[in-house]
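Peer 1: What follows is a structure written as structure tokens; I'll ask about it next.
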Number of protein chains: 2
Amino acid sequence: MAAALSKREQNKVEKRGRIIAAARALFTHKGFEATTTQEIAEAADVAAGTIFSYARTKDDLLILVFHDEMMDVVERAYGAAKSHVGLVDQTVAFFETIVAYHERDLPLAHALMRQLGFVGGAEQRALVAELMTRLLGCLAKLVEGAKSAGEVGATSPLAPAARSLFAIYYLHLGALLSGYLDRAQFDRALRTDLGLLLRGLD
Amino acid sequence: MAAALSKREQNKVEKRGRIIAAARALFTHKGFEATTTQEIAEAADVAAGTIFSYARTKDDLLILVFHDEMMDVVERAYGAAKSHVGLVDQTVAFFETIVAYHERDLPLAHALMRQLGFVGGAEQRALVAELMTRLLGCLAKLVEGAKSAGEVGATSPLAPAARSLFAIYYLHLGALLSGYLDRAQFDRALRTDLGLLLRGLD
DNA sequence: CACATAAAATGAGTGCGCTCAAATATATTG
DNA sequence: CAATATATTTGAGCGCACTCATTTTATGTG
């Protein structure tokens with residue numbers, strides 16, 4: 001039995017769920033900036049002030065919405081990666097899946113990138129950390145697979161490799177979303193730089 | 001003779017300078033969030049609304065302030081890098097100089113990271129692009145030096161190498177500023193991952 | 001069950017970023 | 001030098017994120 005929850009705790013969990021769902025619907029439908037916290041409160045059937053005992057700021061709400069969706073996207077991305085061979089093709093497929101998700105709602109992706117630039121709230125930080133752990137875990141598994149296939153040296157440390165792959169992706173994602181790169185340039189630069197990491201500079 | 005400026009253009013340049021200077025002083029002294037655009041306007045001796053014909057948002061003002069300072073910091077960082085030997089030590093010295101600058105005012109650095117997550121304004125985007133070009137140019141020169149010294153393969157492409165070095169730094173900087181890493185962990189991870197890029201995964 | 005204590009929700013109020021119609025300063029033209 | 005056109009500034013006003021004193025709801029106790 002999962003529920004050893006007091007009535008208070010039940011109410012909080014349920015209310016939290018309503019708020020996040022309402023925020024997700026409104027952000028998707030009207031855009032992040034165009035959505036007011038009042039509207040979210042009304043849609044979730046709580047008072048205006050209640051929002052802010054579940055998320056310190058409107059921005060923090062975005063992290064809550066994003067976390068749930070992104071956990072699924074990462075799973076899908078890992079599935080897409082495994083249907084390819086070769087570490088570069090696999091990681092490209094992995095990241096392209098995530099990019100495709102962001103491209104469905106560019107304004108929301110912009111707001112998200114902005115928010116991820118600095119994460120203030122403790123709960124939000126924990127959620128992002130959880131997501132990053134999952135994501136880096138997927139990349140590490142891909143690197144480990146490449147090791148087994150002899151594509152990558154047996155001494156390559158997994159965690160730094162996963163971090164570096166992600167770092168390259170993340171920089172280019174920012175450039176894509178901020179408009180420094182178009183999609184074709186992004187694809188080319190991503191593949192080039194991931195390949196460079198694989199081979200190294202020397 | 002530099003000034004083929006009409007009276008209008010003179011006024012604009014001068015006013016812009018006053019606004020940026022006032023913003024810099026107040027951001028440094030009171031912090032970014034605690035500073036109101038009213039205060040900036042008063043300090044710059046312009047009306048409240050005038051600010052917003054020079055920067056579309058308060059956030060955009062931060063980019064204006066940041067750009068000028070950062071151009072100098074990058075120069076200093078390059079100087080620091082050249083006093084080391086070996087590409088990893090050089091790039092570490094380069095990035096540590098920039099980190100030291102951010103550490104002088106952490107709240108401001110947080111605001112900045114947030115703002116860089118997505119850059120909306122056209123002028124701001126151009127300023128960031130200019131800064132990035134300069135920064136990546138420095139890194140490319142360091143890689144080229146390592147090539148001459150035989151530390152790095154002659155076929156390594158400079159631009160992707162510079163981008164990847166920066167990508168690794170930038171990810172860790174975000175982790176440091178958001179509190180995922182402390183300074184010691186940052187130093188270690190940065191060195192490890194830059195080294196990994198140099199040697200490659202295979 | 002009555003009472004006390006703590007936790008959570010409420011919503012009117014507040015301050016600030018930003019807008020925009022009107023005013024002012026600069027440029028242009030006959 | 002008027003007179004007209006255009007660019008820039010102005011600041012009162014607006015909408016929204018967020019606060020906080022008050023009220024409501026849940027839990028613990030005799």
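The way I read the labels, and the way they are meant: chains A, B, ... in the order of the structure tokens, residue 1 as the first residue of every chain, and ligand 1 as the first ligand shown, with later ones counted on from there.
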Using all C-alpha atoms paired in order, least-squares fit chain B onto chain A and give me the moved copy as a compact mmCIF listing (two decimals) with C-alpha atoms, in the first residue's frame.
Peer 2:
# COMPACT_ATOMS: atom_id res chain seq x y z
CA MET B 1 -0.26 0.00 0.12
CA ALA B 2 1.31 3.19 -1.12
CA ALA B 3 -0.78 5.64 0.87
CA ALA B 4 0.39 6.26 4.39
CA LEU B 5 -0.58 9.85 3.76
CA SER B 6 -2.44 12.05 6.14
CA LYS B 7 -5.31 14.09 4.80
CA ARG B 8 -3.00 17.11 4.69
CA GLU B 9 -0.43 15.31 2.62
CA GLN B 10 -3.10 13.94 0.28
CA ASN B 11 -4.45 17.44 -0.31
CA LYS B 12 -1.02 18.81 -1.00
CA VAL B 13 -0.11 16.10 -3.49
CA GLU B 14 -3.41 16.48 -5.28
CA LYS B 15 -3.22 20.27 -5.36
CA ARG B 16 0.34 20.19 -6.59
CA GLY B 17 -0.77 17.90 -9.40
CA ARG B 18 -3.61 20.22 -10.36
CA ILE B 19 -1.30 23.24 -10.41
CA ILE B 20 1.34 21.55 -12.57
CA ALA B 21 -1.28 20.21 -14.97
CA ALA B 22 -2.95 23.60 -15.27
CA ALA B 23 0.40 25.29 -15.83
CA ARG B 24 1.38 22.76 -18.50
CA ALA B 25 -1.89 23.19 -20.38
CA LEU B 26 -1.75 26.98 -20.29
CA PHE B 27 1.96 27.25 -21.12
CA THR B 28 1.45 24.99 -24.12
CA HIS B 29 -1.73 26.68 -25.26
CA LYS B 30 -0.97 30.37 -24.65
CA GLY B 31 2.79 30.44 -24.20
CA PHE B 32 4.78 30.94 -21.04
CA GLU B 33 4.87 34.72 -20.88
CA ALA B 34 1.26 35.19 -21.97
CA THR B 35 0.05 32.94 -19.18
CA THR B 36 -0.61 34.71 -15.89
CA THR B 37 -0.28 33.07 -12.51
CA GLN B 38 -3.89 34.14 -11.91
CA GLU B 39 -5.03 32.01 -14.82
CA ILE B 40 -3.04 29.05 -13.57
CA ALA B 41 -4.59 29.50 -10.13
CA GLU B 42 -8.11 29.66 -11.56
CA ALA B 43 -7.57 26.63 -13.78
CA ALA B 44 -6.17 24.69 -10.84
CA ASP B 45 -9.01 25.94 -8.63
CA VAL B 46 -6.79 27.47 -5.97
CA ALA B 47 -6.23 31.04 -4.82
CA ALA B 48 -3.62 33.23 -6.47
CA GLY B 49 -1.28 33.03 -3.52
CA THR B 50 -1.40 29.26 -3.23
CA ILE B 51 0.67 28.83 -6.38
CA PHE B 52 3.60 30.36 -4.56
CA SER B 53 3.64 27.87 -1.75
CA TYR B 54 4.20 25.15 -4.37
CA ALA B 55 6.65 27.04 -6.59
CA ARG B 56 8.55 30.06 -5.35
CA THR B 57 8.27 31.79 -8.70
CA LYS B 58 6.44 31.39 -12.00
CA ASP B 59 9.78 30.30 -13.47
CA ASP B 60 10.05 27.50 -10.96
CA LEU B 61 6.70 26.22 -12.22
CA LEU B 62 8.30 25.78 -15.62
CA ILE B 63 10.89 23.44 -14.13
CA LEU B 64 8.14 21.34 -12.54
CA VAL B 65 6.31 21.02 -15.87
CA PHE B 66 9.52 20.41 -17.76
CA HIS B 67 10.83 17.71 -15.43
CA ASP B 68 7.94 15.33 -15.92
CA GLU B 69 7.91 15.66 -19.71
CA MET B 70 11.66 15.52 -20.08
CA MET B 71 12.04 12.27 -18.17
CA ASP B 72 9.94 10.63 -20.88
CA VAL B 73 11.76 12.37 -23.70
CA VAL B 74 15.12 11.12 -22.41
CA GLU B 75 13.75 7.60 -22.37
CA ARG B 76 12.56 7.93 -25.96
CA ALA B 77 15.89 9.45 -26.95
CA TYR B 78 17.75 6.48 -25.51
CA GLY B 79 15.48 4.14 -27.47
CA ALA B 80 16.23 6.07 -30.65
CA ALA B 81 19.96 5.96 -29.96
CA LYS B 82 20.02 2.17 -29.53
CA SER B 83 18.62 1.65 -33.02
CA HIS B 84 21.86 3.05 -34.45
CA VAL B 85 25.40 1.73 -34.50
CA GLY B 86 28.54 3.70 -33.77
CA LEU B 87 28.87 6.11 -30.86
CA VAL B 88 28.61 9.29 -32.92
CA ASP B 89 25.47 8.16 -34.75
CA GLN B 90 23.97 6.98 -31.48
CA THR B 91 24.62 10.20 -29.60
CA VAL B 92 23.47 12.29 -32.55
CA ALA B 93 20.22 10.31 -32.65
CA PHE B 94 19.88 10.74 -28.88
CA PHE B 95 20.27 14.50 -28.99
CA GLU B 96 18.21 14.97 -32.14
CA THR B 97 15.26 13.36 -30.37
CA ILE B 98 15.52 15.93 -27.60
CA VAL B 99 15.90 18.77 -30.08
CA ALA B 100 12.78 17.58 -31.92
CA TYR B 101 10.91 17.84 -28.63
CA HIS B 102 12.10 21.40 -28.08
CA GLU B 103 11.19 22.37 -31.62
CA ARG B 104 7.54 21.55 -30.99
CA ASP B 105 7.30 24.66 -28.87
CA LEU B 106 10.15 27.07 -29.43
CA PRO B 107 8.96 29.91 -27.17
CA LEU B 108 8.64 27.45 -24.32
CA ALA B 109 12.09 26.07 -25.09
CA HIS B 110 13.49 29.60 -24.93
CA ALA B 111 11.91 30.16 -21.53
CA LEU B 112 13.32 26.85 -20.40
CA MET B 113 16.88 27.52 -21.55
CA ARG B 114 16.71 30.81 -19.76
CA GLN B 115 15.52 29.18 -16.59
CA LEU B 116 18.17 26.43 -16.72
CA GLY B 117 20.86 29.12 -16.92
CA PHE B 118 20.53 29.47 -13.19
CA VAL B 119 18.33 27.31 -11.00
CA GLY B 120 17.60 28.95 -7.68
CA GLY B 121 15.01 26.86 -5.83
CA ALA B 122 16.17 23.84 -3.85
CA GLU B 123 13.41 21.54 -5.10
CA GLN B 124 14.00 22.66 -8.67
CA ARG B 125 17.70 22.03 -8.36
CA ALA B 126 16.98 18.51 -7.13
CA LEU B 127 14.65 17.88 -10.08
CA VAL B 128 17.19 19.11 -12.59
CA ALA B 129 19.87 17.04 -10.90
CA GLU B 130 17.69 13.95 -11.16
CA LEU B 131 17.08 14.61 -14.84
CA MET B 132 20.76 15.20 -15.51
CA THR B 133 21.68 11.98 -13.72
CA ARG B 134 19.26 10.06 -15.88
CA LEU B 135 20.45 11.74 -19.07
CA LEU B 136 24.14 11.32 -18.32
CA GLY B 137 23.42 7.73 -17.31
CA CYS B 138 22.02 7.05 -20.80
CA LEU B 139 25.06 8.60 -22.43
CA ALA B 140 27.39 6.60 -20.17
CA LYS B 141 25.65 3.40 -21.23
CA LEU B 142 26.16 4.31 -24.88
CA VAL B 143 29.86 4.95 -24.25
CA GLU B 144 30.12 1.64 -22.43
CA GLY B 145 28.53 -0.10 -25.39
CA ALA B 146 31.11 1.52 -27.65
CA LYS B 147 33.81 0.25 -25.33
CA SER B 148 32.53 -3.32 -25.66
CA ALA B 149 32.50 -2.90 -29.43
CA GLY B 150 36.11 -1.75 -29.28
CA GLU B 151 35.19 1.60 -30.77
CA VAL B 152 36.37 3.41 -27.69
CA GLY B 153 39.46 2.78 -25.57
CA ALA B 154 38.91 0.59 -22.51
CA THR B 155 40.44 3.23 -20.26
CA SER B 156 38.05 6.04 -21.18
CA PRO B 157 36.26 7.17 -18.02
CA LEU B 158 32.50 7.01 -18.46
CA ALA B 159 31.33 9.98 -16.40
CA PRO B 160 33.67 12.58 -17.96
CA ALA B 161 32.87 11.21 -21.41
CA ALA B 162 29.13 11.49 -20.82
CA ARG B 163 29.50 15.01 -19.41
CA SER B 164 31.59 16.15 -22.35
CA LEU B 165 29.19 14.74 -24.91
CA PHE B 166 26.37 16.57 -23.18
CA ALA B 167 28.38 19.78 -22.87
CA ILE B 168 28.89 19.88 -26.63
CA TYR B 169 25.22 19.25 -27.28
CA TYR B 170 24.07 21.83 -24.75
CA LEU B 171 26.22 24.62 -26.13
CA HIS B 172 24.92 24.03 -29.63
CA LEU B 173 21.35 23.75 -28.43
CA GLY B 174 21.67 27.20 -26.89
CA ALA B 175 23.11 28.53 -30.13
CA LEU B 176 20.26 26.96 -32.10
CA LEU B 177 17.52 28.29 -29.85
CA SER B 178 19.03 31.76 -29.57
CA GLY B 179 19.23 31.91 -33.35
CA TYR B 180 23.02 31.87 -33.77
CA LEU B 181 22.72 28.65 -35.77
CA ASP B 182 20.03 27.33 -38.05
CA ARG B 183 19.01 23.71 -37.85
CA ALA B 184 21.34 22.53 -40.65
CA GLN B 185 24.33 24.26 -39.09
CA PHE B 186 23.40 22.78 -35.74
CA ASP B 187 23.29 19.25 -37.13
CA ARG B 188 26.63 19.65 -38.84
CA ALA B 189 28.38 21.27 -35.88
CA LEU B 190 27.01 18.71 -33.44
CA ARG B 191 28.24 15.77 -35.50
CA THR B 192 31.61 17.38 -36.13
CA ASP B 193 32.26 18.19 -32.50
CA LEU B 194 31.05 14.87 -31.12
CA GLY B 195 33.36 13.19 -33.61
CA LEU B 196 36.23 15.36 -32.49
CA LEU B 197 35.68 14.35 -28.89
CA LEU B 198 35.72 10.70 -29.91
CA ARG B 199 39.02 10.98 -31.76
CA GLY B 200 40.61 13.62 -29.53
CA LEU B 201 42.86 16.46 -30.51
CA ASP B 202 46.14 14.58 -30.67
Peer 1: Can you work out which residues from chain D touch chain A at a cut-off of 8 Å (counting only C-alpha atoms (C1' of nucleotides)) and hand them back as a PDB file with N, CA and C atoms (P, O5', C5', C4', C3', O3' and C1' of nucleotides), in the first residue's frame?
Peer 2:
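Result saved to part19.pdb:
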ATOM      1  P    DC D  16      -2.083  40.855 -17.200  1.00  0.00           P
ATOM      2  O5'  DC D  16      -0.862  40.261 -16.404  1.00  0.00           O
ATOM      3  C5'  DC D  16       0.478  40.517 -16.862  1.00  0.00           C
ATOM      4  C4'  DC D  16       1.416  40.367 -15.700  1.00  0.00           C
ATOM      5  C3'  DC D  16       1.085  39.156 -14.813  1.00  0.00           C
ATOM      6  O3'  DC D  16       2.221  38.367 -14.647  1.00  0.00           O
ATOM      7  C1'  DC D  16       1.354  41.117 -13.504  1.00  0.00           C
ATOM      8  P    DA D  17       2.181  36.842 -14.183  1.00  0.00           P
ATOM      9  O5'  DA D  17       3.322  36.817 -13.082  1.00  0.00           O
ATOM     10  C5'  DA D  17       4.628  37.229 -13.442  1.00  0.00           C
ATOM     11  C4'  DA D  17       5.382  37.657 -12.202  1.00  0.00           C
ATOM     12  C3'  DA D  17       5.534  36.583 -11.126  1.00  0.00           C
ATOM     13  O3'  DA D  17       6.823  36.725 -10.549  1.00  0.00           O
ATOM     14  C1'  DA D  17       4.363  38.443 -10.230  1.00  0.00           C
ATOM     15  P    DC D  18       7.400  35.563  -9.637  1.00  0.00           P
ATOM     16  O5'  DC D  18       6.971  36.048  -8.179  1.00  0.00           O
ATOM     17  C5'  DC D  18       7.534  37.267  -7.705  1.00  0.00           C
ATOM     18  C4'  DC D  18       6.740  37.758  -6.524  1.00  0.00           C
ATOM     19  C3'  DC D  18       6.599  36.808  -5.326  1.00  0.00           C
ATOM     20  O3'  DC D  18       7.378  37.321  -4.261  1.00  0.00           O
ATOM     21  C1'  DC D  18       4.631  38.091  -5.712  1.00  0.00           C
ATOM     22  P    DA D  26      -9.743  19.722   5.824  1.00  0.00           P
ATOM     23  O5'  DA D  26      -8.614  19.227   6.838  1.00  0.00           O
ATOM     24  C5'  DA D  26      -7.279  19.071   6.355  1.00  0.00           C
ATOM     25  C4'  DA D  26      -6.355  18.925   7.542  1.00  0.00           C
ATOM     26  C3'  DA D  26      -6.528  17.624   8.348  1.00  0.00           C
ATOM     27  O3'  DA D  26      -5.317  16.894   8.259  1.00  0.00           O
ATOM     28  C1'  DA D  26      -6.388  19.542   9.765  1.00  0.00           C
TER      29       DA D  26
END
Peer 1: Near chain B, which residues of chain C fall within 9 Å when you count only C-alpha atoms (C1' of nucleotides), and what do they look like as a list of chain:residue names?
Peer 2: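 Residues satisfying the distance criterion: C:DC16, C:DG17, C:DC18, C:DT19, C:DT26.
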Peer 1: In Å, how far is it from C1' of DT23 in chain D to C1' of DC1 in chain C?
Peer 2: 23.1 Å
Peer 1: How many Å lie between C1' of DA22 in chain C and C1' of DC1 in chain D, rounded to one decimal?
Peer 2: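 C1' of DC1 in chain D lies 26.9 Å from C1' of DA22 in chain C.
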